[in-house]
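Content type compact mmCIF, C-alpha atoms and all ligand atoms, from the file upload-v5.txt:
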# COMPACT_ATOMS: atom_id res chain seq x y z
CA MET A 1 0.00 0.00 0.00
CA GLU A 2 1.21 3.50 -0.86
CA ASP A 3 2.29 5.81 1.94
CA LEU A 4 0.16 8.74 3.08
CA GLY A 5 2.34 11.39 1.38
CA THR A 6 2.11 9.63 -2.00
CA ARG A 7 -1.65 9.13 -1.73
CA LEU A 8 -2.22 12.78 -0.84
CA ARG A 9 0.03 13.94 -3.69
CA GLU A 10 -1.93 11.75 -6.14
CA LEU A 11 -5.22 13.11 -4.85
CA LEU A 12 -4.08 16.73 -5.21
CA THR A 13 -2.68 16.11 -8.68
CA ALA A 14 -6.03 14.62 -9.72
CA GLU A 15 -7.65 17.80 -8.33
CA GLY A 16 -5.50 19.90 -10.69
CA ALA A 17 -2.43 20.79 -8.60
CA ASP A 18 0.76 21.13 -10.64
CA LEU A 19 3.06 21.24 -7.61
CA VAL A 20 2.60 19.70 -4.14
CA GLY A 21 4.93 19.85 -1.14
CA TYR A 22 4.99 19.22 2.61
CA ALA A 23 6.58 21.50 5.19
CA ASP A 24 7.65 21.37 8.79
CA VAL A 25 5.94 24.46 10.24
CA SER A 26 6.35 23.59 13.93
CA ASP A 27 8.25 26.84 14.59
CA LEU A 28 5.72 29.03 12.70
CA VAL A 29 2.42 27.62 13.94
CA PRO A 30 1.43 27.42 17.62
CA GLY A 31 -0.44 24.25 18.59
CA GLY A 32 -0.40 20.74 17.27
CA LEU A 33 -0.70 21.26 13.51
CA LYS A 34 2.97 20.98 12.68
CA THR A 35 2.79 20.04 9.01
CA GLY A 36 1.95 22.37 6.14
CA VAL A 37 0.63 21.07 2.82
CA ALA A 38 1.22 23.49 -0.08
CA MET A 39 -0.12 23.16 -3.61
CA ALA A 40 0.26 25.35 -6.67
CA MET A 41 -1.68 25.62 -9.94
CA ALA A 42 0.19 27.09 -12.91
CA MET A 43 -1.17 29.76 -15.20
CA PRO A 44 -1.67 28.45 -18.76
CA ARG A 45 0.81 29.86 -21.29
CA ASP A 46 -1.90 31.53 -23.42
CA MET A 47 -3.21 33.39 -20.40
CA LEU A 48 0.31 34.53 -19.52
CA ARG A 49 0.88 35.88 -23.03
CA SER A 50 -2.41 37.78 -22.90
CA ILE A 51 -1.44 39.80 -19.79
CA GLU A 52 2.00 40.96 -20.90
CA ASP A 53 0.73 44.56 -20.93
CA GLY A 54 -1.70 44.37 -18.00
CA ALA A 55 -4.64 42.52 -16.46
CA THR A 56 -7.69 41.69 -18.57
CA ARG A 57 -11.26 40.50 -17.93
CA GLU A 58 -10.15 36.98 -18.92
CA TYR A 59 -7.41 37.10 -16.30
CA ALA A 60 -9.96 38.27 -13.70
CA GLN A 61 -12.07 35.22 -14.56
CA TRP A 62 -9.05 32.85 -14.43
CA TYR A 63 -8.10 34.34 -11.03
CA LYS A 64 -11.60 33.59 -9.65
CA ASP A 65 -11.84 30.13 -11.26
CA THR A 66 -8.40 29.13 -10.02
CA ASN A 67 -9.13 30.32 -6.48
CA ALA A 68 -12.27 28.14 -6.59
CA ALA A 69 -10.30 25.15 -7.93
CA LEU A 70 -7.64 25.60 -5.22
CA ASP A 71 -10.34 25.78 -2.55
CA ARG A 72 -11.89 22.53 -3.87
CA ALA A 73 -8.51 20.78 -3.90
CA THR A 74 -7.69 22.04 -0.39
CA LYS A 75 -11.06 20.80 0.94
CA ALA A 76 -10.64 17.42 -0.79
CA ALA A 77 -7.21 17.02 0.80
CA GLY A 78 -8.65 18.02 4.18
CA ASP A 79 -11.50 15.49 3.89
CA PHE A 80 -9.03 12.76 2.96
CA LEU A 81 -6.71 13.49 5.92
CA ARG A 82 -9.67 13.64 8.33
CA SER A 83 -10.88 10.28 7.01
CA GLN A 84 -7.47 8.90 8.01
CA GLY A 85 -7.94 10.24 11.56
CA TYR A 86 -5.88 13.45 11.39
CA ALA A 87 -6.73 17.03 12.39
CA VAL A 88 -6.79 19.60 9.58
CA GLU A 89 -7.15 23.36 9.15
CA GLU A 90 -7.81 24.37 5.54
CA HIS A 91 -6.67 27.88 4.56
CA THR A 92 -9.30 28.33 1.85
CA THR A 93 -10.15 31.80 0.54
CA ASP A 94 -13.26 32.07 2.73
CA LYS A 95 -11.19 31.41 5.89
CA VAL A 96 -8.14 33.61 5.24
CA VAL A 97 -8.54 36.94 7.06
CA ARG A 98 -6.87 39.96 5.42
CA ARG A 99 -5.75 42.60 7.88
CA PRO A 100 -6.14 46.29 6.96
CA ASP A 101 -2.42 46.41 6.04
CA GLN A 102 -2.95 43.69 3.40
CA SER A 103 -1.33 40.90 5.38
CA THR A 104 -2.51 37.56 6.77
CA GLU A 105 -1.48 35.55 9.78
CA MET A 106 0.04 32.67 7.81
CA PRO A 107 0.91 33.71 4.24
CA HIS A 108 0.66 30.89 1.69
CA LYS A 109 4.08 31.83 0.27
CA SER A 110 5.82 31.19 3.58
CA ILE A 111 4.45 27.63 3.71
CA ALA A 112 5.04 26.97 -0.01
CA MET A 113 8.67 28.04 0.34
CA ARG A 114 9.04 25.80 3.40
CA ALA A 115 7.46 22.97 1.39
CA GLY A 116 10.22 23.27 -1.22
CA LEU A 117 8.01 24.60 -4.04
CA GLY A 118 10.28 27.58 -4.75
CA TRP A 119 11.95 30.67 -3.31
CA ILE A 120 10.68 34.18 -2.55
CA GLY A 121 11.98 36.41 -5.33
CA LYS A 122 12.68 40.14 -5.38
CA SER A 123 9.09 40.27 -6.72
CA CYS A 124 8.02 39.32 -3.16
CA LEU A 125 6.35 36.31 -4.85
CA LEU A 126 7.02 32.58 -4.80
CA VAL A 127 9.18 31.74 -7.83
CA THR A 128 9.17 28.07 -8.83
CA PRO A 129 11.80 26.40 -11.05
CA GLN A 130 9.03 24.90 -13.25
CA TYR A 131 6.63 27.83 -13.77
CA GLY A 132 8.49 30.88 -12.48
CA GLY A 133 6.10 33.11 -10.54
CA ALA A 134 3.07 32.15 -12.65
CA VAL A 135 1.33 30.07 -10.00
CA ARG A 136 -1.50 30.45 -7.54
CA ILE A 137 -1.15 28.70 -4.20
CA SER A 138 -3.23 27.19 -1.42
CA VAL A 139 -2.30 25.55 1.86
CA LEU A 140 -3.62 23.53 4.77
CA LEU A 141 -2.19 22.67 8.16
CA THR A 142 -2.42 19.22 9.70
CA ASP A 143 -0.97 16.91 12.34
CA ALA A 144 -0.48 14.15 9.74
CA PRO A 145 3.09 12.81 9.53
CA LEU A 146 3.96 13.85 5.96
CA PRO A 147 7.61 13.88 4.83
CA PRO A 148 8.82 17.52 4.99
CA ALA A 149 10.87 19.06 2.16
CA GLU A 150 13.92 21.27 2.60
CA PRO A 151 12.88 24.95 2.74
CA VAL A 152 14.27 27.04 -0.15
CA LEU A 153 15.96 29.75 1.90
CA GLU A 154 18.36 30.91 -0.84
CA PRO A 155 16.64 32.97 -3.57
CA LYS A 156 17.94 32.31 -7.10
CA CYS A 157 17.38 35.82 -8.45
CA GLY A 158 21.07 36.70 -8.66
CA SER A 159 21.61 40.22 -10.02
CA CYS A 160 18.26 40.27 -11.90
CA THR A 161 15.88 43.16 -11.08
CA LYS A 162 13.36 42.68 -13.90
CA CYS A 163 10.32 42.60 -11.61
CA ARG A 164 11.31 45.94 -10.06
CA ASP A 165 11.99 47.45 -13.49
CA VAL A 166 8.65 46.45 -15.05
CA CYS A 167 6.35 47.30 -12.12
CA PRO A 168 4.20 50.15 -13.48
CA TYR A 169 3.79 51.77 -10.05
CA GLY A 170 7.30 51.48 -8.55
CA ALA A 171 6.04 49.16 -5.80
CA LEU A 172 9.12 46.89 -5.71
CA ASN A 173 12.52 47.87 -4.35
CA GLY A 174 14.65 45.16 -6.01
CA VAL A 175 15.73 43.82 -2.61
CA GLN A 176 16.64 40.16 -2.13
CA TRP A 177 14.52 38.19 0.36
CA ARG A 178 16.13 36.76 3.50
CA PRO A 179 14.60 35.01 6.53
CA GLY A 180 13.13 37.60 8.90
CA ILE A 181 13.02 40.44 6.35
CA ASP A 182 10.22 42.97 6.76
CA ARG A 183 7.93 43.06 3.69
CA ALA A 184 8.24 46.88 3.63
CA GLU A 185 11.93 46.57 2.80
CA MET A 186 11.03 44.72 -0.42
CA PHE A 187 7.65 46.03 -1.37
CA ASP A 188 5.19 48.91 -0.89
CA TYR A 189 1.81 47.16 -0.67
CA LYS A 190 -0.16 50.42 -0.90
CA LYS A 191 1.43 51.43 -4.21
CA CYS A 192 0.54 48.00 -5.63
CA ALA A 193 -2.95 47.60 -4.15
CA ASP A 194 -4.24 51.17 -4.60
CA ASN A 195 -3.00 51.57 -8.17
CA CYS A 196 -4.16 48.10 -9.28
CA ALA A 197 -7.64 48.65 -7.81
CA ARG A 198 -7.95 52.07 -9.51
CA ARG A 199 -6.63 50.85 -12.87
CA ASN A 200 -8.78 47.71 -12.89
CA ALA A 201 -11.95 49.60 -11.93
CA GLU A 202 -11.35 51.80 -14.99
CA VAL A 203 -10.12 49.19 -17.47
CA ILE A 204 -11.91 45.95 -16.57
CA GLY A 205 -14.82 47.27 -14.53
CA GLU A 206 -13.83 45.70 -11.18
CA GLY A 207 -11.41 47.12 -8.61
CA LEU A 208 -9.52 43.85 -8.20
CA PHE A 209 -5.94 43.63 -6.87
CA ILE A 210 -4.68 41.91 -10.01
CA CYS A 211 -1.84 42.81 -12.36
CA GLY A 212 1.08 40.37 -12.44
CA GLN A 213 3.67 42.30 -14.48
CA CYS A 214 6.20 41.34 -11.77
CA PHE A 215 5.78 37.61 -12.51
CA VAL A 216 4.95 37.73 -16.24
CA HIS A 217 8.35 39.19 -17.14
CA CYS A 218 10.43 37.21 -14.63
CA PRO A 219 13.12 35.19 -16.52
CA TYR A 220 11.98 31.99 -14.77
CA THR A 221 8.41 32.56 -16.03
CA ARG A 222 9.76 33.33 -19.53
CA LYS A 223 11.57 29.99 -19.46
CA TYR A 224 8.25 28.23 -18.73
CA LEU A 225 6.55 30.26 -21.47
CA LYS A 226 9.10 29.11 -24.05
CA GLY A 227 9.27 25.49 -22.86
C1 LIG B 301 -2.72 40.37 0.93
C2 LIG B 301 -2.26 39.86 -0.41
C3 LIG B 301 -1.90 40.80 -1.39
C4 LIG B 301 -1.62 42.26 -1.04
C5 LIG B 301 -0.22 42.31 -0.35
C6 LIG B 301 0.84 41.47 -1.11
C7 LIG B 301 2.06 41.04 -0.29
N1 LIG B 301 3.13 40.68 -0.99
O1 LIG B 301 2.06 41.00 0.92
C8 LIG B 301 -1.73 42.92 -2.44
C9 LIG B 301 -3.19 43.32 -2.65
C10 LIG B 301 -0.83 44.14 -2.65
C11 LIG B 301 -1.42 41.74 -3.34
C12 LIG B 301 -0.92 41.85 -4.62
C13 LIG B 301 -0.58 40.79 -5.40
N2 LIG B 301 -0.84 39.50 -5.18
CO1 LIG B 301 -1.50 38.84 -3.49
N3 LIG B 301 -1.97 38.04 -1.87
C14 LIG B 301 -2.23 38.47 -0.68
C15 LIG B 301 -2.50 37.32 0.32
C16 LIG B 301 -4.03 37.20 0.52
C17 LIG B 301 -1.80 37.45 1.66
C18 LIG B 301 -0.30 37.86 1.56
C19 LIG B 301 0.27 38.25 2.92
O2 LIG B 301 -0.16 37.79 3.96
N4 LIG B 301 1.27 39.14 2.94
C20 LIG B 301 1.94 39.54 4.18
C21 LIG B 301 3.45 39.45 4.06
C22 LIG B 301 4.14 39.81 5.37
O3 LIG B 301 3.83 38.17 3.76
P1 LIG B 301 4.42 37.68 2.36
O4 LIG B 301 4.94 38.80 1.54
O5 LIG B 301 3.35 36.82 1.82
O6 LIG B 301 5.63 36.75 2.75
C23 LIG B 301 6.62 37.16 3.62
C24 LIG B 301 7.06 36.00 4.49
O7 LIG B 301 7.42 34.88 3.72
C25 LIG B 301 8.23 36.67 5.08
N5 LIG B 301 9.19 36.02 5.91
C26 LIG B 301 10.10 36.79 6.44
N6 LIG B 301 10.91 36.04 7.18
C27 LIG B 301 10.57 34.75 7.08
C28 LIG B 301 11.15 33.62 7.63
C29 LIG B 301 10.61 32.39 7.36
C30 LIG B 301 11.23 31.19 7.94
C31 LIG B 301 9.45 32.31 6.55
C32 LIG B 301 8.86 30.98 6.26
C33 LIG B 301 8.90 33.48 6.00
C34 LIG B 301 9.46 34.71 6.28
O8 LIG B 301 8.89 37.19 3.90
C35 LIG B 301 7.94 37.50 2.93
C36 LIG B 301 8.16 38.93 2.51
O9 LIG B 301 8.23 39.79 3.62
C37 LIG B 301 -1.92 36.09 -0.48
C38 LIG B 301 -2.65 34.77 -0.27
C39 LIG B 301 -2.36 34.18 1.09
N7 LIG B 301 -3.39 33.82 1.81
O10 LIG B 301 -1.21 34.08 1.49
C40 LIG B 301 -1.99 36.58 -1.94
C41 LIG B 301 -0.85 36.20 -2.89
C42 LIG B 301 0.47 36.48 -2.20
N8 LIG B 301 -1.01 37.13 -4.00
C43 LIG B 301 -0.70 36.60 -5.12
C44 LIG B 301 -0.58 37.35 -6.33
C45 LIG B 301 -0.38 36.56 -7.62
C46 LIG B 301 -0.63 38.75 -6.32
C47 LIG B 301 -0.40 39.72 -7.48
C48 LIG B 301 0.54 39.30 -8.60
C49 LIG B 301 -1.74 40.19 -8.08
C50 LIG B 301 -2.34 39.31 -9.14
N9 LIG B 301 -3.02 38.25 -8.72
O11 LIG B 301 -2.22 39.55 -10.33
C51 LIG B 301 0.15 40.96 -6.70
C52 LIG B 301 1.68 40.84 -6.47
C53 LIG B 301 2.22 41.78 -5.44
C54 LIG B 301 3.63 41.40 -4.98
N10 LIG B 301 4.63 41.64 -5.83
O12 LIG B 301 3.78 40.87 -3.88
C55 LIG B 301 -0.37 35.12 -5.00
C56 LIG B 301 1.13 34.90 -5.14
C57 LIG B 301 1.54 33.70 -5.93
C58 LIG B 301 3.05 33.61 -5.93
N11 LIG B 301 3.62 33.19 -7.04
O13 LIG B 301 3.70 33.90 -4.95
C59 LIG B 301 -0.93 34.79 -3.58
C60 LIG B 301 -0.16 33.74 -2.80
C61 LIG B 301 -2.39 34.35 -3.78
C62 LIG B 301 -2.57 32.90 -4.20
N12 LIG B 301 -3.58 32.25 -3.67
O14 LIG B 301 -1.83 32.35 -4.96
N13 LIG B 301 -1.64 40.56 -2.71
S1 LIG B 302 1.31 43.24 -9.21
FE1 LIG B 302 1.78 44.93 -10.64
S2 LIG B 302 1.74 46.76 -9.33
FE2 LIG B 302 1.88 45.02 -7.95
S3 LIG B 302 4.08 44.74 -7.60
FE3 LIG B 302 3.54 43.40 -9.32
S4 LIG B 302 3.95 44.66 -11.13
FE4 LIG B 302 3.86 46.07 -9.39
S1 LIG B 303 12.21 38.98 -12.12
FE1 LIG B 303 14.34 38.53 -11.55
S2 LIG B 303 14.57 39.48 -9.52
FE2 LIG B 303 12.37 39.35 -9.92
S3 LIG B 303 11.73 37.43 -8.99
FE3 LIG B 303 12.22 36.97 -11.14
S4 LIG B 303 14.39 36.32 -11.09
FE4 LIG B 303 13.96 37.36 -9.15
Exercise: express the given structure as C-alpha cells:
Amino acid sequence: MEDLGTRLRELLTAEGADLVGYADVSDLVPGGLKTGVAMAMAMPRDMLRSIEDGATREYAQWYKDTNAALDRATKAAGDFLRSQGYAVEEHTTDKVVRRPDQSTEMPHKSIAMRAGLGWIGKSCLLVTPQYGGAVRISVLLTDAPLPPAEPVLEPKCGSCTKCRDVCPYGALNGVQWRPGIDRAEMFDYKKCADNCARRNAEVIGEGLFICGQCFVHCPYTRKYLKG
C-alpha cells in the first residue's frame, strides 16, 4: 500500500495541482498542527501571453476560477486526511482573514517556500523552477506525519531586477529576500494595491488587486513560457 504522502500527492494532482509539497511548520504555527501542505496551480501559457501589458477580464475570470479550484482541492485534501484520523485546518479563501495592512497571519508563500516549491523572489512572490512566478497557491495545516521538504531559503534571483523594473507603479525595491526580512523593505503594498484597484476599476470594470507584471516578465516565467 502506498504511503500517506504519496496518496495525498496523487489526490491533489487529480484535483488539478501542478506542484505539491509538505513542510515542517512547527516553529511558525502554535499548537499541534505541525505540518503544512502546499499546492500550486500554474497559469496556462496563453493566459500569460495575454497579460503581458496588464490585467484583462479573462485574467480576472481565471483568477476567480483558479481560487475556486484551489479551494476545492484544499477541501478534498482536508476530507481525505480527516478520514485517516488526522486534524486539519484548511486555509481556503473564505477562511483567510486579510488585515487592513494587506497581510494575513500565515501567508501561503511562507508555507510553499518551506514545502520546497520555490523561493521568494525580489518580486516578493514565490518563484518556482518549473513555472516561475506564474502560480496560484493554497495551503492547509495538519498533524499528519507527511515527509517535509527542505525549505528554499536561498533565492535564485542573482543580479536580476526585472520585476522591479517592469512594475508600473514602482512598488518593488529590487531587494533580495532573506529570513526575517520585513515586507516593507522589499515592497510597498499600498502602491501595488491602490494603483491596481484604480486601474482595474477603470479598465476591466472591477477594482480587483490583479496585475502580475512582476511575474509575467520574470526570466523563470519566460523559461516556462518558451518550454
Ligand atoms: C494580501 C495579499 C496581497 C496584497 C499584499 C501582497 C504582499 N506581498 O504581501 C496585495 C493586494 C498588494 C497583493 C498583490 C498581489 N498578489 Co497577493 N496576496 C495576498 C494574500 C491574501 C496574503 C499575503 C500576505 O499575507 N502578505 C503579508 C506578508 C508579510 O507576507 P508575504 O509577503 O506573503 O511573505 C513574507 C514572508 O514569507 C516573510 N518572511 C520573512 N521572514 C521569514 C522567515 C521564514 C522562515 C518564513 C517561512 C517566512 C518569512 O517574507 C515574505 C516577505 O516579507 C496572499 C494569499 C495568502 N493567503 O497568502 C496573496 C498572494 C500572495 N497574492 C498573489 C498574487 C499573484 C498577487 C499579485 C501578482 C496580483 C495578481 N493576482 O495579479 C500581486 C503581487 C504583489 C507582490 N509583488 O507581492 C499570489 C502569489 C503567488 C506567488 N507566485 O507567490 C498569492 C499567494 C495568492 C494565491 N492564492 O496564490 N496581494
Ligand atoms: S502586481 Fe503589478 S503593481 Fe503590484 S508589484 Fe507586481 S507589477 Fe507592481
Ligand atoms: S524577475 Fe528577476 S529578480 Fe524578480 S523574482 Fe524573477 S528572477 Fe527574481
Q. For ligand LIG 303 (chain B), which residue among A:Ala38, A:Val135, A:Val97, A:Val166 is the nearest when counting all atoms listed in the file?
A. A:Val166
**Q.** Within 6 Å of ligand LIG 301 (chain B) (all atoms listed in the file), residues as an NGL selection string
**A.** :A and (96 or 102-104 or 107-110 or 114 or 123-127 or 133-138 or 179-183 or 189 or 192-193 or 209-212)
Q.
Taking only C-alpha atoms and all ligand atoms into account, which residues have an atom no farther than 7 Å from ligand LIG 303 (chain B)? I'd like them as number ranges by chain.
A. A: 121-123, 125, 127, 156-157, 160-164, 174, 214-215, 217-220
Q: Could you check how far CA of Glu185 in chain A sits from CA of Met39 in chain A, in Å to one decimal?
A: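 Computing the Euclidean distance for CA of Glu185 in chain A and CA of Met39 in chain A yields 27.1 Å.
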(Q) Report, in Å to a single decimal, how far apart CA of Ala87 in chain A and CA of Leu19 in chain A are. (A)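 Atom-to-atom, CA of Leu19 in chain A and CA of Ala87 in chain A are spaced 22.7 Å apart.
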Q) Which value, in Å to one decimal, gives the distance between CA of Leu172 in chain A and CA of Gly116 in chain A? A)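 Distance between the two atoms: 24.1 Å.
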Return the padded bounding box of ligand LIG 302 (chain B) as JSON: axis-aligned, built from all atoms listed in the file, 8 Å added on each side, with centre and edge lengths in Å to one decimal.
{"center_x": 2.7, "center_y": 45.0, "center_z": -9.4, "size_x": 18.8, "size_y": 19.5, "size_z": 19.5}
Q. Contacts of Arg49 in chain A at 10 Å or less, counting all atoms listed in the file, minus same-chain residues fewer than 4 places along, as a ChimeraX atom specification?
A. /A:44-45,53,216,222,225
**Q.** Spatial neighbours of Thr66 in chain A, max dist 10 Å, only C-alpha atoms, sep filter under 2 positions, as an MDAnalysis selection string
**A.** chainID A and resid 16 41:43 60:64 68:72 135:137
Q) Which residue gives the smallest distance to Ala14 in chain A among A:Val175, A:Ile204, A:Val37, A:Ala73, with only C-alpha atoms counted? A)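 With only C-alpha atoms as the atom set, the closest residue is A:Ala73.
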Q) Which residue out of A:Leu153, A:Ala77, A:Ala55, A:Ala144 has the minimum interatomic distance to ligand LIG 302 (chain B) when all atoms listed in the file are used? A)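 Answer, going by the shortest atom-to-atom distance: A:Ala55.
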